[in-house]
Every structure is written in structure tokens, then in C-alpha cells.
>>> print(open('upload.csv').read())   # CSV, C-alpha atoms and all ligand atoms
chain,number,residue,atom,x,y,z
A,1,MET,CA,0.0,0.0,0.0
A,2,LYS,CA,1.3,3.4,-0.9
A,3,ILE,CA,0.5,5.9,1.7
A,4,LYS,CA,-1.3,8.8,0.0
A,5,ASN,CA,-3.2,10.4,2.8
A,6,VAL,CA,-3.7,9.9,6.5
A,7,GLU,CA,-6.1,11.6,8.8
A,8,LEU,CA,-6.8,11.4,12.5
A,9,SER,CA,-10.5,10.8,11.9
A,10,HIS,CA,-11.8,10.0,15.4
A,11,VAL,CA,-10.7,10.4,18.9
A,12,VAL,CA,-12.6,8.3,21.5
A,13,GLY,CA,-12.2,9.1,25.2
A,14,VAL,CA,-13.6,7.7,28.3
A,15,THR,CA,-16.6,10.1,28.2
A,16,THR,CA,-17.4,9.4,24.5
A,17,LYS,CA,-20.8,7.8,24.4
A,18,SER,CA,-20.8,5.9,21.2
A,19,LEU,CA,-18.1,4.3,19.1
A,20,PRO,CA,-17.4,5.6,15.6
A,21,HIS,CA,-18.6,3.4,12.8
A,22,THR,CA,-15.8,3.9,10.2
A,23,GLY,CA,-17.1,1.4,7.7
A,24,LEU,CA,-13.4,0.6,7.0
A,25,PRO,CA,-11.4,-2.4,8.1
A,26,GLU,CA,-9.9,-1.5,11.4
A,27,ILE,CA,-6.6,-2.7,12.8
A,28,ALA,CA,-6.0,-2.1,16.5
A,29,PHE,CA,-2.6,-1.7,18.1
A,30,ALA,CA,-2.6,-3.0,21.7
A,31,GLY,CA,0.1,-3.5,24.3
A,32,ARG,CA,1.7,-2.2,27.4
A,33,SER,CA,2.4,1.4,27.9
A,34,ASN,CA,5.6,2.5,26.2
A,35,VAL,CA,5.9,-0.6,24.1
A,36,GLY,CA,5.9,1.4,20.9
A,37,LYS,CA,2.4,1.4,19.5
A,38,SER,CA,2.3,5.0,18.4
A,39,SER,CA,5.9,4.7,17.0
A,40,LEU,CA,4.8,1.7,14.9
A,41,ILE,CA,1.8,3.5,13.6
A,42,ASN,CA,4.0,6.4,12.6
A,43,ALA,CA,6.4,4.1,10.8
A,44,LEU,CA,3.5,2.4,8.9
A,45,ILE,CA,2.0,5.7,7.8
A,46,GLN,CA,5.4,7.2,7.1
A,47,ARG,CA,4.8,10.3,9.3
A,48,LYS,CA,7.3,11.3,11.9
A,49,SER,CA,5.0,12.1,14.7
A,50,LEU,CA,1.3,12.2,13.7
A,51,ALA,CA,0.7,9.6,16.4
A,52,ARG,CA,2.1,11.2,19.5
A,53,THR,CA,4.8,9.3,21.2
A,54,SER,CA,6.7,9.9,24.4
A,55,SER,CA,9.4,8.4,26.5
A,56,THR,CA,7.0,8.9,29.5
A,57,PRO,CA,4.6,5.9,29.6
A,58,GLY,CA,1.0,6.7,29.4
A,59,LYS,CA,1.1,9.1,26.5
A,60,THR,CA,-1.8,7.9,24.6
A,61,GLN,CA,-4.9,8.2,26.7
A,62,THR,CA,-7.6,8.1,24.1
A,63,MET,CA,-8.4,5.7,21.3
A,64,ASN,CA,-7.1,7.4,18.1
A,65,PHE,CA,-8.4,6.4,14.7
A,66,TYR,CA,-6.1,7.1,11.8
A,67,THR,CA,-7.8,6.7,8.4
A,68,VAL,CA,-5.3,5.7,5.7
A,69,ASN,CA,-6.1,6.4,2.0
A,70,ASP,CA,-9.8,5.7,2.9
A,71,ASP,CA,-8.8,2.1,2.8
A,72,VAL,CA,-8.1,1.1,6.4
A,73,CYS,CA,-8.2,2.5,9.8
A,74,PHE,CA,-5.4,2.1,12.4
A,75,VAL,CA,-6.6,2.4,16.0
A,76,ASP,CA,-4.0,3.5,18.5
A,77,LEU,CA,-5.1,2.2,21.9
A,78,PRO,CA,-4.0,3.5,25.3
A,79,GLY,CA,-1.4,1.3,26.8
A,80,TYR,CA,-2.1,-0.9,29.8
A,81,GLY,CA,-0.2,-1.5,32.9
A,82,TYR,CA,1.2,1.9,33.8
A,83,ALA,CA,0.5,2.8,37.4
A,84,GLN,CA,1.3,6.5,37.3
A,85,VAL,CA,-1.6,7.3,35.1
A,86,GLY,CA,-4.5,8.4,37.3
A,87,ILE,CA,-6.4,5.5,38.8
A,88,ASP,CA,-9.7,6.7,37.4
A,89,PHE,CA,-8.3,6.6,33.9
A,90,ARG,CA,-7.1,3.1,34.4
A,91,LYS,CA,-10.4,2.0,35.6
A,92,SER,CA,-12.2,3.5,32.7
A,93,TRP,CA,-9.8,2.4,30.0
A,94,GLY,CA,-10.5,-1.2,30.6
A,95,PRO,CA,-14.2,-0.9,29.9
A,96,MET,CA,-13.6,1.5,27.0
A,97,ILE,CA,-11.2,-0.7,25.2
A,98,GLU,CA,-13.3,-3.8,26.0
A,99,LYS,CA,-16.3,-2.1,24.6
A,100,TYR,CA,-14.5,-1.3,21.4
A,101,LEU,CA,-12.9,-4.7,21.0
A,102,ASN,CA,-16.1,-6.5,21.6
A,103,GLY,CA,-18.4,-4.1,19.8
A,104,SER,CA,-16.6,-2.9,16.7
A,105,GLU,CA,-18.2,-4.3,13.5
A,106,ASP,CA,-15.1,-3.4,11.5
A,107,LEU,CA,-12.3,-4.7,13.6
A,108,ARG,CA,-10.2,-7.0,11.3
A,109,ALA,CA,-7.2,-7.7,13.5
A,110,VAL,CA,-5.4,-6.8,16.7
A,111,PHE,CA,-1.7,-6.3,16.7
A,112,LEU,CA,-0.3,-7.2,20.1
A,113,LEU,CA,3.0,-5.4,20.7
A,114,ILE,CA,5.6,-6.9,23.0
A,115,ASP,CA,8.9,-5.3,23.9
A,116,ILE,CA,11.8,-7.6,22.9
A,117,ARG,CA,13.4,-7.1,26.3
A,118,ARG,CA,10.4,-8.1,28.4
A,119,ILE,CA,8.7,-11.4,29.1
A,120,PRO,CA,5.0,-10.9,28.5
A,121,ASN,CA,3.0,-10.5,31.7
A,122,GLN,CA,-0.6,-11.3,32.7
A,123,ASP,CA,-2.1,-8.4,31.0
A,124,ASP,CA,-0.4,-9.4,27.7
A,125,ALA,CA,-1.5,-13.0,28.1
A,126,MET,CA,-5.1,-11.8,28.8
A,127,MET,CA,-5.1,-9.7,25.7
A,128,TYR,CA,-3.7,-12.5,23.6
A,129,ASN,CA,-6.2,-15.0,25.0
A,130,TRP,CA,-9.0,-12.5,24.4
A,131,MET,CA,-8.1,-12.3,20.8
A,132,LEU,CA,-8.1,-16.1,20.4
A,133,ASN,CA,-11.5,-16.4,22.0
A,134,ALA,CA,-13.0,-13.5,20.1
A,135,GLY,CA,-12.0,-15.0,16.8
A,136,VAL,CA,-10.0,-11.8,16.0
A,137,THR,CA,-6.8,-12.6,14.0
A,138,PRO,CA,-3.9,-12.2,16.5
A,139,VAL,CA,-0.7,-10.8,15.2
A,140,ILE,CA,2.3,-10.4,17.5
A,141,ILE,CA,4.8,-7.6,16.9
A,142,VAL,CA,8.0,-7.8,18.9
A,143,THR,CA,9.1,-4.2,19.2
A,144,LYS,CA,12.4,-2.4,19.8
A,145,SER,CA,14.4,-5.1,18.1
A,146,ASP,CA,17.3,-2.7,17.9
A,147,LYS,CA,17.7,-3.0,21.7
A,148,VAL,CA,19.1,-6.5,21.7
A,149,LYS,CA,22.0,-8.1,19.9
A,150,ARG,CA,21.1,-10.1,16.9
A,151,SER,CA,22.6,-13.2,18.6
A,152,GLN,CA,20.0,-12.8,21.4
A,153,THR,CA,17.0,-12.2,19.1
A,154,ASP,CA,15.9,-15.8,18.6
A,155,LYS,CA,16.0,-16.6,22.3
A,156,ALA,CA,14.0,-13.5,23.1
A,157,ILE,CA,11.3,-14.5,20.5
A,158,LYS,CA,11.2,-18.0,21.9
A,159,ASP,CA,10.7,-16.7,25.4
A,160,ILE,CA,7.9,-14.5,24.3
A,161,LYS,CA,6.2,-17.3,22.4
A,162,ASN,CA,6.5,-19.6,25.4
A,163,ALA,CA,5.2,-17.1,27.9
A,164,LEU,CA,2.1,-16.4,25.7
A,165,ASN,CA,1.8,-20.0,24.8
A,166,VAL,CA,1.2,-19.0,21.2
A,167,THR,CA,-0.8,-21.1,18.7
A,168,ALA,CA,1.0,-22.4,15.6
A,169,ASP,CA,-0.9,-20.1,13.3
A,170,THR,CA,-0.2,-16.9,15.2
A,171,GLU,CA,2.0,-14.7,13.0
A,172,LEU,CA,4.9,-12.8,14.6
A,173,PHE,CA,6.9,-9.9,13.2
A,174,LEU,CA,10.1,-8.4,14.5
A,175,PHE,CA,10.1,-4.6,14.4
A,176,SER,CA,12.3,-1.6,15.1
A,177,ALA,CA,10.9,1.9,14.8
A,178,LEU,CA,14.5,3.2,14.9
A,179,LYS,CA,15.8,1.1,12.0
A,180,LYS,CA,12.4,0.5,10.3
A,181,THR,CA,13.1,-3.3,10.4
A,182,GLY,CA,9.9,-5.2,9.6
A,183,ARG,CA,7.9,-2.2,8.5
A,184,ASP,CA,7.4,-3.4,4.9
A,185,GLU,CA,6.5,-6.9,6.0
A,186,ILE,CA,3.9,-5.7,8.5
A,187,MET,CA,2.4,-3.4,5.8
A,188,GLU,CA,2.2,-6.3,3.4
A,189,LYS,CA,0.4,-8.3,6.0
A,190,ILE,CA,-2.0,-5.5,6.4
A,191,ASP,CA,-2.6,-5.3,2.7
A,192,GLU,CA,-3.3,-9.0,2.7
A,193,MET,CA,-5.8,-8.7,5.6
A,194,ILE,CA,-7.6,-5.8,3.9
A,195,SER,CA,-8.0,-7.6,0.6
A,196,GLU,CA,-9.2,-10.8,2.3
A,197,GLY,CA,-12.0,-8.7,3.9
A,198,GLY,CA,-14.9,-9.7,1.7
A,199,ASN,CA,-14.7,-13.4,2.3
A,200,GLU,CA,-15.2,-13.5,6.1
A,201,ASP,CA,-18.4,-15.6,6.0
A,202,ASP,CA,-16.9,-18.5,4.0
B,301,LIG,N1,15.1,2.1,20.5
B,301,LIG,C1,13.8,2.1,20.2
B,301,LIG,N2,13.0,2.9,20.8
B,301,LIG,C2,11.6,2.9,20.5
B,301,LIG,C3,11.1,2.0,19.5
B,301,LIG,N3,9.8,2.2,19.4
B,301,LIG,C4,9.5,3.1,20.3
B,301,LIG,N4,10.6,3.5,21.0
B,301,LIG,C5,10.6,4.5,22.1
B,301,LIG,O1,9.8,4.1,23.1
B,301,LIG,C6,9.1,5.2,23.7
B,301,LIG,C7,7.6,4.9,23.7
B,301,LIG,O2,7.1,4.8,22.4
B,301,LIG,P1,5.6,5.1,22.1
B,301,LIG,O3,5.4,4.8,20.6
B,301,LIG,O4,5.1,6.4,22.6
B,301,LIG,O5,4.9,4.0,22.9
B,301,LIG,P2,3.3,3.7,23.2
B,301,LIG,O6,3.2,2.2,23.2
B,301,LIG,O7,2.5,4.4,22.1
B,301,LIG,O8,3.1,4.3,24.6
B,301,LIG,P3,1.7,4.8,25.3
B,301,LIG,O9,1.0,5.7,24.4
B,301,LIG,O10,2.2,5.4,26.6
B,301,LIG,O11,0.9,3.5,25.6
B,301,LIG,C8,9.5,6.4,22.9
B,301,LIG,O12,10.5,7.1,23.6
B,301,LIG,C9,10.0,5.8,21.6
B,301,LIG,O13,10.9,6.7,21.0
B,301,LIG,C10,12.1,1.2,18.8
B,301,LIG,O14,11.8,0.4,17.9
B,301,LIG,N5,13.4,1.3,19.2
B,302,MG,MG,1.0,5.8,22.4
>>> encode(input="upload.csv", output="C-alpha cells")
Amino acid sequence: MKIKNVELSHVVGVTTKSLPHTGLPEIAFAGRSNVGKSSLINALIQRKSLARTSSTPGKTQTMNFYTVNDDVCFVDLPGYGYAQVGIDFRKSWGPMIEKYLNGSEDLRAVFLLIDIRRIPNQDDAMMYNWMLNAGVTPVIIVTKSDKVKRSQTDKAIKDIKNALNVTADTELFLFSALKKTGRDEIMEKIDEMISEGGNEDD
């Protein structure tokens, strides 16, 4: 997919009453705070900082919908698991994200991001198992691959797969926002998912 135009088309906060109906295939980006969700979206859409990133965890506090070429919508979700974010926010995000994940008619896939240096925790496992149960295509993106030596990459991936107990058909991509490793492969996967869209009921 060639990126022609990108627009922040919807912002959903905890007080937003109804979810947007984009009518486009949606791909949501989930994962712990600071794992690199917004950075991955920027790399995919080839914009330096349309999705706001920060070295302080808890930057994204709303669900931000980025419409790409009127073909697909990327949904940047607030990260989970960061205690410093006000407790009220944390309480309300759970239901907000859950409502979206369970209620969106257009959700095509969820990309679960895992930091290459961290063993997935309970929240990650819950997210992954939710995807399997909901019948949403799970894709794992191992982020910040530039942070470990190449000789340690295979072991890190193996540990992540083991901790999540991944199924054989779960796809996994290695990604670095710094080096853009994996960007084109992930985009190809997205293209594939979008074009498969019409045959869901087969
Ligand atoms: N070295 C390196 N740093 C990265 C990479 N991806 C993201 N970062 C850094 O990690 C920090 C967090 O990135 P974000 O993209 O804001 O993370 P997020 O998951 O959107 O965080 P929240 O919105 O707080 O949930 C930033 O300082 C990024 O520059 C990467 O591939 N390599
Ligand atoms: Mg973010």
C-alpha cells in the first residue's frame, strides 16, 4: 500500500458515548504502555509524529483512529499497565477498550505489541487469549528489536512465544521503529488482511 493520505479521523475518550462506525477495516494496536504502539503507527503511515509518542509511559490516553487512504483505519489504543496514570483513567480504559474490541463491527485484526526485552505479563496474556477467544486474527509484533543483539533475538522471541503459549498459526513480526526493520513486511500483512476482507463468512 502506498500511503497517500492519513487523517486522524476519530478520537474516543472515556466520556465518549458511542463508538465511531468507520465502515473501513480496522486494525487495532494493543500493548503495554511505552511498548511502541504510536511509533509503529508512525512508521507504517510514514509520518514522523502524527501519532504522539513519548518516553514517558501513558502518553496515549484516548483511542485514536487514523484513516489511511480511505482504505483502512489504524486504531492506536491506550497502553495498559502503567501505574502513574490516574487511577480513574485506568479504571475507565479497561471498559472503554473492551467495549471497542467486543463491539466494533469493523475490527479486522489486533496487533499485540511486546517489547523484545520483556517477558509478557498477565495483561499481555489476557489480551492474547481474548483475541483467540473473540476470533480476531492475532498478530504479535516484537518491538524495539534494535535493543538486543542479533545473537539474542531468537531466544527473546522464543521466550515471548512460550510465555504467551502462542498457537501455531499466530504470526509474529520483528520490528524496530529506529531502524524500520519489519515495516514493509507488516504493511504487506495489512494489505493481505484488507483484501481478504470480503470473504469472512466463507
Ligand atoms: N530504540 C527504540 N525505541 C523505541 C522503538 N519504538 C518506540 N521507541 C521509544 O519508546 C518510547 C515509547 O514509544 P511510544 O510509541 O510512545 O509507545 P506507546 O506504546 O504508544 O506508549 P503509550 O502511548 O504510553 O501507551 C518512545 O521514547 C519511543 O521513541 C524502537 O523500535 N526502538
Ligand atoms: Mg502511544
>>> residues_around(input="upload.csv", residues="Ile140 of chain A", least_positions_apart="5", cutoff="9 Å", atoms="all atoms listed in the file", output="MDAnalysis selection string")
chainID A and resid 110:114 128 170:174
>>> closest_residue(input="upload.csv", among="A:Gly13, A:Gly36, A:Pro25, A:Gly58", to="Ile190 of chain A", atoms="only C-alpha atoms")
A:Pro25
>>> residues_near_ligand(input="upload.csv", ligand="ligand MG 302 (chain B)", cutoff="9 Å", atoms="only C-alpha atoms and all ligand atoms", output="list in words")
Ser33, Asn34, Val35, Gly36, Lys37, Ser38, Ser39, Ala51, Arg52, Thr53, Ser54, Pro57, Gly58, Lys59, Thr60, Gln61, Asp76, Leu77, Pro78 and Gly79 of chain A
>>> atom_distance(input="upload.csv", atom1="atom CA of Asp124 of chain A", atom2="atom CA of Leu164 of chain A")
7.7 Å
>>> residues_around(input="upload.csv", residues="Asn121 of chain A", least_positions_apart="2", cutoff="12 Å", atoms="only C-alpha atoms", output="list in words")
Gly31, Arg32, Tyr80, Gly81, Ile114, Asp115, Arg118, Ile119, Asp123, Asp124, Ala125, Met126, Met127, Tyr128, Asp159, Ile160, Lys161, Asn162, Ala163, Leu164 and Asn165 of chain A
>>> write_last_selection(input="upload.csv", atoms="C-alpha atoms", output="PDB file, keeping the file's coordinate frame")
ATOM      1  CA  GLY A  31       0.100  -3.500  24.300  1.00  0.00           C
ATOM      2  CA  ARG A  32       1.700  -2.200  27.400  1.00  0.00           C
ATOM      3  CA  TYR A  80      -2.100  -0.900  29.800  1.00  0.00           C
ATOM      4  CA  GLY A  81      -0.200  -1.500  32.900  1.00  0.00           C
ATOM      5  CA  ILE A 114       5.600  -6.900  23.000  1.00  0.00           C
ATOM      6  CA  ASP A 115       8.900  -5.300  23.900  1.00  0.00           C
ATOM      7  CA  ARG A 118      10.400  -8.100  28.400  1.00  0.00           C
ATOM      8  CA  ILE A 119       8.700 -11.400  29.100  1.00  0.00           C
ATOM      9  CA  ASP A 123      -2.100  -8.400  31.000  1.00  0.00           C
ATOM     10  CA  ASP A 124      -0.400  -9.400  27.700  1.00  0.00           C
ATOM     11  CA  ALA A 125      -1.500 -13.000  28.100  1.00  0.00           C
ATOM     12  CA  MET A 126      -5.100 -11.800  28.800  1.00  0.00           C
ATOM     13  CA  MET A 127      -5.100  -9.700  25.700  1.00  0.00           C
ATOM     14  CA  TYR A 128      -3.700 -12.500  23.600  1.00  0.00           C
ATOM     15  CA  ASP A 159      10.700 -16.700  25.400  1.00  0.00           C
ATOM     16  CA  ILE A 160       7.900 -14.500  24.300  1.00  0.00           C
ATOM     17  CA  LYS A 161       6.200 -17.300  22.400  1.00  0.00           C
ATOM     18  CA  ASN A 162       6.500 -19.600  25.400  1.00  0.00           C
ATOM     19  CA  ALA A 163       5.200 -17.100  27.900  1.00  0.00           C
ATOM     20  CA  LEU A 164       2.100 -16.400  25.700  1.00  0.00           C
ATOM     21  CA  ASN A 165       1.800 -20.000  24.800  1.00  0.00           C
TER      22      ASN A 165
END
>>> residues_around(input="upload.csv", residues="Ser18 of chain A", least_positions_apart="5", cutoff="12 Å", atoms="only C-alpha atoms", output="PyMOL selection string")
chain A and resi 10-13+96+99-100+103-104
>>> residues_near_point(input="upload.csv", point="(2.2, 4.7, 1.8)", cutoff="7 Å", atoms="all atoms listed in the file", output="ChimeraX atom specification")
/A:1-4,45-46
>>> closest_residue(input="upload.csv", among="A:Val136, A:Val68, A:Leu101, A:Val166", to="Ile41 of chain A", atoms="only C-alpha atoms")
A:Val68
>>> closest_residue(input="upload.csv", among="A:Lys180, A:Ile27, A:Thr56, A:Ala43", to="Val72 of chain A", atoms="all atoms listed in the file")
A:Ile27
>>> atom_distance(input="upload.csv", atom1="atom O9 of ligand LIG 301 (chain B)", atom2="atom CA of Asn133 of chain A")
25.5 Å
>>> atom_distance(input="upload.csv", atom1="atom C2 of ligand LIG 301 (chain B)", atom2="atom CA of Asp106 of chain A")
28.9 Å
>>> closest_residue(input="upload.csv", among="A:Ser151, A:Thr22, A:Asn42, A:Thr137", to="Ser9 of chain A", atoms="all atoms listed in the file")
A:Thr22
>>> closest_residue(input="upload.csv", among="A:Gly23, A:Pro95, A:Gly135, A:Gly182", to="ligand LIG 301 (chain B)", atoms="only C-alpha atoms and all ligand atoms")
A:Gly182
>>> residues_around(input="upload.csv", residues="segment 176-179 of chain A", least_positions_apart="3", cutoff="6 Å", atoms="all atoms listed in the file", output="ChimeraX atom specification")
/A:143-146
>>> closest_residue(input="upload.csv", among="A:Lys147, A:Arg183, A:Leu50, A:Thr15", to="Thr62 of chain A", atoms="only C-alpha atoms")
A:Thr15
>>> build_atoms(input="upload.csv", residues="segment 117-137 of chain A", atoms="N, CA, C and O atoms", output="mmCIF file, in the coordinates of the input")
data_model
loop_
_atom_site.group_PDB
_atom_site.id
_atom_site.type_symbol
_atom_site.label_atom_id
_atom_site.label_comp_id
_atom_site.auth_asym_id
_atom_site.auth_seq_id
_atom_site.Cartn_x
_atom_site.Cartn_y
_atom_site.Cartn_z
ATOM 1 N N ARG A 117 12.624 -6.935 25.065
ATOM 2 C CA ARG A 117 13.400 -7.100 26.300
ATOM 3 C C ARG A 117 12.557 -7.585 27.480
ATOM 4 O O ARG A 117 13.061 -7.775 28.579
ATOM 5 N N ARG A 118 11.249 -7.743 27.249
ATOM 6 C CA ARG A 118 10.400 -8.100 28.400
ATOM 7 C C ARG A 118 9.604 -9.373 28.155
ATOM 8 O O ARG A 118 9.077 -9.597 27.069
ATOM 9 N N ILE A 119 9.535 -10.155 29.192
ATOM 10 C CA ILE A 119 8.700 -11.400 29.100
ATOM 11 C C ILE A 119 7.249 -10.890 29.279
ATOM 12 O O ILE A 119 6.932 -10.092 30.148
ATOM 13 N N PRO A 120 6.366 -11.355 28.409
ATOM 14 C CA PRO A 120 5.000 -10.900 28.500
ATOM 15 C C PRO A 120 4.401 -11.205 29.915
ATOM 16 O O PRO A 120 4.745 -12.200 30.547
ATOM 17 N N ASN A 121 3.573 -10.297 30.379
ATOM 18 C CA ASN A 121 3.000 -10.500 31.700
ATOM 19 C C ASN A 121 1.519 -10.900 31.584
ATOM 20 O O ASN A 121 1.038 -11.217 30.492
ATOM 21 N N GLN A 122 0.823 -10.871 32.715
ATOM 22 C CA GLN A 122 -0.600 -11.300 32.700
ATOM 23 C C GLN A 122 -1.492 -10.528 31.832
ATOM 24 O O GLN A 122 -2.395 -11.059 31.212
ATOM 25 N N ASP A 123 -1.241 -9.219 31.805
ATOM 26 C CA ASP A 123 -2.100 -8.400 31.000
ATOM 27 C C ASP A 123 -1.888 -8.739 29.486
ATOM 28 O O ASP A 123 -2.858 -8.811 28.728
ATOM 29 N N ASP A 124 -0.637 -8.989 29.094
ATOM 30 C CA ASP A 124 -0.400 -9.400 27.700
ATOM 31 C C ASP A 124 -1.058 -10.710 27.392
ATOM 32 O O ASP A 124 -1.659 -10.885 26.333
ATOM 33 N N ALA A 125 -0.953 -11.637 28.340
ATOM 34 C CA ALA A 125 -1.500 -13.000 28.100
ATOM 35 C C ALA A 125 -3.073 -12.846 28.027
ATOM 36 O O ALA A 125 -3.710 -13.506 27.199
ATOM 37 N N MET A 126 -3.639 -11.961 28.851
ATOM 38 C CA MET A 126 -5.100 -11.800 28.800
ATOM 39 C C MET A 126 -5.529 -11.235 27.475
ATOM 40 O O MET A 126 -6.504 -11.678 26.891
ATOM 41 N N MET A 127 -4.771 -10.274 27.001
ATOM 42 C CA MET A 127 -5.100 -9.700 25.700
ATOM 43 C C MET A 127 -4.971 -10.710 24.593
ATOM 44 O O MET A 127 -5.848 -10.803 23.736
ATOM 45 N N TYR A 128 -3.917 -11.493 24.646
ATOM 46 C CA TYR A 128 -3.700 -12.500 23.600
ATOM 47 C C TYR A 128 -4.848 -13.549 23.645
ATOM 48 O O TYR A 128 -5.426 -13.897 22.610
ATOM 49 N N ASN A 129 -5.180 -13.994 24.840
ATOM 50 C CA ASN A 129 -6.200 -15.000 25.000
ATOM 51 C C ASN A 129 -7.591 -14.446 24.560
ATOM 52 O O ASN A 129 -8.413 -15.153 23.971
ATOM 53 N N TRP A 130 -7.792 -13.182 24.867
ATOM 54 C CA TRP A 130 -9.000 -12.500 24.400
ATOM 55 C C TRP A 130 -9.160 -12.628 22.908
ATOM 56 O O TRP A 130 -10.208 -12.967 22.375
ATOM 57 N N MET A 131 -8.059 -12.303 22.222
ATOM 58 C CA MET A 131 -8.100 -12.300 20.800
ATOM 59 C C MET A 131 -8.443 -13.699 20.220
ATOM 60 O O MET A 131 -9.249 -13.834 19.313
ATOM 61 N N LEU A 132 -7.815 -14.716 20.816
ATOM 62 C CA LEU A 132 -8.100 -16.100 20.400
ATOM 63 C C LEU A 132 -9.563 -16.419 20.562
ATOM 64 O O LEU A 132 -10.223 -16.950 19.665
ATOM 65 N N ASN A 133 -10.088 -16.067 21.735
ATOM 66 C CA ASN A 133 -11.500 -16.400 22.000
ATOM 67 C C ASN A 133 -12.462 -15.598 21.202
ATOM 68 O O ASN A 133 -13.542 -16.078 20.869
ATOM 69 N N ALA A 134 -12.094 -14.361 20.880
ATOM 70 C CA ALA A 134 -13.000 -13.500 20.100
ATOM 71 C C ALA A 134 -12.967 -13.798 18.631
ATOM 72 O O ALA A 134 -13.746 -13.252 17.860
ATOM 73 N N GLY A 135 -12.047 -14.640 18.217
ATOM 74 C CA GLY A 135 -12.000 -15.000 16.800
ATOM 75 C C GLY A 135 -11.352 -13.834 15.982
ATOM 76 O O GLY A 135 -11.512 -13.773 14.772
ATOM 77 N N VAL A 136 -10.642 -12.931 16.670
ATOM 78 C CA VAL A 136 -10.000 -11.800 16.000
ATOM 79 C C VAL A 136 -8.543 -12.328 15.637
ATOM 80 O O VAL A 136 -7.871 -12.892 16.495
ATOM 81 N N THR A 137 -8.135 -12.148 14.399
ATOM 82 C CA THR A 137 -6.800 -12.600 14.000
ATOM 83 C C THR A 137 -5.729 -11.971 14.873
ATOM 84 O O THR A 137 -5.589 -10.753 14.877
#
